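Undergrad: Submitted below is the structure of interest, expressed as structure tokens.
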Amino acid sequence: MRHLIDTTDISVAEVDQILETALDIIANRQKYSEVLKGKKLATLFYEPSTRTRLSFTSAMMELGGNVLGFSDAASSSVSKGETVADTVRVIGCFADIIAMRHSKEGAPLVASHYSEVPIINAGDGSHAHPTQTLTDLLTIRREKGRLNNLTIGFCGDLKFGRTVHSLIKALSRYEGINVVLIAPEELRLPSYIRREVCDKNNVPTREVTTMEEVMPELDILYMTRVQKERFLDEEEFERLKDSFILNPERLKAAKEDMIILHPLPRVNEITRDVDNDPRAAYFRQVENGKFVRMALIYNLLKWSSERSESKITPRLRGELVRNDWRCSNRQCISNMEDVDKLFHEAADGYRCAYCEAKVKNNK
Ligand SMILES: [Zn+2]
């Protein structure tokens with residue numbers, strides 16, 4: 001059985017298969033309109049995210065399947081303190097596949113350990129959001145025709161931006177990727193991601209502080225929101241905020257066929273007068289999100305029926321250390337529910353298997 005907890009839990013070949021299916025769905029909508037007739041998707045949204053939930057719901061409906069679930073933990077029995085492990089064991093009796101959104105980081109991974117049906121991580125705190133990453137990959141594939149030999153600039157909040165971390169991880173598995181990081185000092189990409197993802201996979205990575213200096217080289221510009229709350233110093237924010245706004249003037253230096261992506265919602269980091277530029281792909285990206293979720297649900301169910309593999313996701317099958325250390329992340333599921341404390345060894349010490357944060361009382 002296959003779950004989708006993080007994009008790198010599935011192989012490049014499997015990612016490519018999902019993208020191929022998505023392209024086939026786009027070309028042959030009718031062919032897929034009843035393929036999941038009689039199947040049920042449960043959307044377990046412990047924290048509200050209307051657009052992600054609607055994207056999953058419409059994806060399942062367009063495959064001919066049905067949807068059940070809740071959109072907010074407060075309105076369901078889970079608010080009575082039921083653990084994630086118990087909830088998925090119960091829901092697995094009613095549904096064929098589960099999409100889970102949770103504010104506790106690592107919750108979908110815990111769910112996958114106990115579930116008898118495939119689990120899709122629909123976003124866990126600020127940790128991972130793999131269906132956004134698949135959406136980004138499908139958009140790049142459709143817009144550029146390939147996932148290799150691309151120079152991609154990431155602009156804005158690269159420290160906390162989970163979509164950025166996840167897309168860098170996913171793209172680092174393809175050939176000829178060049179990464180350019182465009183961020184203020186306070187919001188630079190965490191050095192452990194640079195070391196463990198970019199350096200380890202030999203992805204040339206460069207850091208700059210303005211988009212002007214790299215704009216002509218980029219095939220893709222991935223914009224993110226720079227939030228005031230992220231800055232310790234308000235004056236610093238005021239000084240920097242305009243440098244990370246994309247406007248038609250800055251776009252003049254870009255290639256004719258560069259594409260602009262943004263995970264949305266945006267605030268003001270892309271001015272509205274960019275929207276009509278053919279390079280602005282961020283609204284097309286939303287529609288791709290539905291197609292890629294259709295392809296994902298379809299393939300996870302297909303793989304589960306065809307393959308007799310372990311139901312434990314690869315992340316929990318690797319070399320893990322069981323210990324009574326504490327994860328340093330207060331939002332981690334391991335600090336909130338009674339789960340096995342599991343850690344893996346990274347270049348800079350031990351990290352939590354659920355959320356990848358560093359360990360307290362590390363040896
Ligand atoms: Zn953790």
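Convention: chains lettered A, B, ... in structure tokens order; per-chain residue numbering from 1; ligands numbered from 1 as shown.
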DSSP on the backbone, strand (DSSP E) only: what residues of stretch 18-221 of chain A does that give? Format it as number ranges by chain.
TA: A: 40-45, 66-70, 97-102, 119-124, 150-155, 177-182, 205-208, 220-221
Undergrad: Residues of chain A that approach ligand 1 to 6 Å or less, counting only C-alpha atoms and all ligand atoms: could you list each one with the shortest pair of atoms and its distance in Å to one decimal, rows by chain and increasing residue number, as a tab-separated table?
TA:
residue	atom	partner	partner_atom_place_in_ligand_line	distance
A:Cys327	CA	ligand 1	1 (Zn)	4.6
A:Asn329	CA	ligand 1	1 (Zn)	5.5
A:Cys332	CA	ligand 1	1 (Zn)	4.4
A:Ser334	CA	ligand 1	1 (Zn)	5.9
A:Cys352	CA	ligand 1	1 (Zn)	4.5
A:Tyr354	CA	ligand 1	1 (Zn)	5.0
A:Cys355	CA	ligand 1	1 (Zn)	4.1
A:Glu356	CA	ligand 1	1 (Zn)	5.9
A:Ala357	CA	ligand 1	1 (Zn)	5.3
Undergrad: Which neighbours of stretch 133-137 of chain A fall inside 6 Å, counting only C-alpha atoms, when residues of the same chain fewer than 3 positions from it are skipped, and could you give them as a count of residues only?
TA: 5
Undergrad: So which one's closest to A:Ile5, A:Phe45, A:Leu221, A:Asn121, A:Ser55? Using only C-alpha atoms, please.
TA: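 Answer, going by the shortest atom-to-atom distance: A:Asn121.
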Undergrad: Can you list, as a PyMOL selection string, every residue of stretch 72-161 of chain A that DSSP puts in alpha helix (DSSP H)?
TA: chain A and resi 84-91+107-114+130-144
Undergrad: Would you write out those residues with C-alpha atoms, as a PDB file, in the first residue's frame?
TA:
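Wrote it out as selection.pdb, contents follow:
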ATOM      1  CA  VAL A  84      -5.205  10.350  15.226  1.00  0.00           C
ATOM      2  CA  ALA A  85      -4.382   6.634  15.394  1.00  0.00           C
ATOM      3  CA  ASP A  86      -7.888   5.731  16.601  1.00  0.00           C
ATOM      4  CA  THR A  87      -9.624   8.121  14.210  1.00  0.00           C
ATOM      5  CA  VAL A  88      -8.030   6.605  11.100  1.00  0.00           C
ATOM      6  CA  ARG A  89      -8.726   3.052  12.263  1.00  0.00           C
ATOM      7  CA  VAL A  90     -12.392   3.973  12.539  1.00  0.00           C
ATOM      8  CA  ILE A  91     -12.644   6.051   9.355  1.00  0.00           C
ATOM      9  CA  ALA A 107       0.003  13.653  12.216  1.00  0.00           C
ATOM     10  CA  PRO A 108      -0.498  12.142   8.716  1.00  0.00           C
ATOM     11  CA  LEU A 109       2.629  10.035   9.194  1.00  0.00           C
ATOM     12  CA  VAL A 110       1.239   8.652  12.461  1.00  0.00           C
ATOM     13  CA  ALA A 111      -2.076   8.052  10.671  1.00  0.00           C
ATOM     14  CA  SER A 112      -0.326   6.083   7.912  1.00  0.00           C
ATOM     15  CA  HIS A 113       1.143   3.767  10.527  1.00  0.00           C
ATOM     16  CA  TYR A 114      -2.291   2.655  11.716  1.00  0.00           C
ATOM     17  CA  PRO A 130       3.001  17.327  -0.914  1.00  0.00           C
ATOM     18  CA  THR A 131      -0.084  17.797  -3.092  1.00  0.00           C
ATOM     19  CA  GLN A 132       0.960  21.447  -3.535  1.00  0.00           C
ATOM     20  CA  THR A 133       4.352  20.160  -4.681  1.00  0.00           C
ATOM     21  CA  LEU A 134       2.752  17.755  -7.170  1.00  0.00           C
ATOM     22  CA  THR A 135       0.662  20.700  -8.377  1.00  0.00           C
ATOM     23  CA  ASP A 136       3.822  22.752  -8.897  1.00  0.00           C
ATOM     24  CA  LEU A 137       5.487  19.864 -10.756  1.00  0.00           C
ATOM     25  CA  LEU A 138       2.486  19.358 -13.041  1.00  0.00           C
ATOM     26  CA  THR A 139       2.369  23.096 -13.763  1.00  0.00           C
ATOM     27  CA  ILE A 140       6.069  23.173 -14.661  1.00  0.00           C
ATOM     28  CA  ARG A 141       5.634  20.059 -16.797  1.00  0.00           C
ATOM     29  CA  ARG A 142       2.686  21.554 -18.699  1.00  0.00           C
ATOM     30  CA  GLU A 143       4.150  25.029 -19.071  1.00  0.00           C
ATOM     31  CA  LYS A 144       7.774  24.118 -19.830  1.00  0.00           C
TER      32      LYS A 144
END
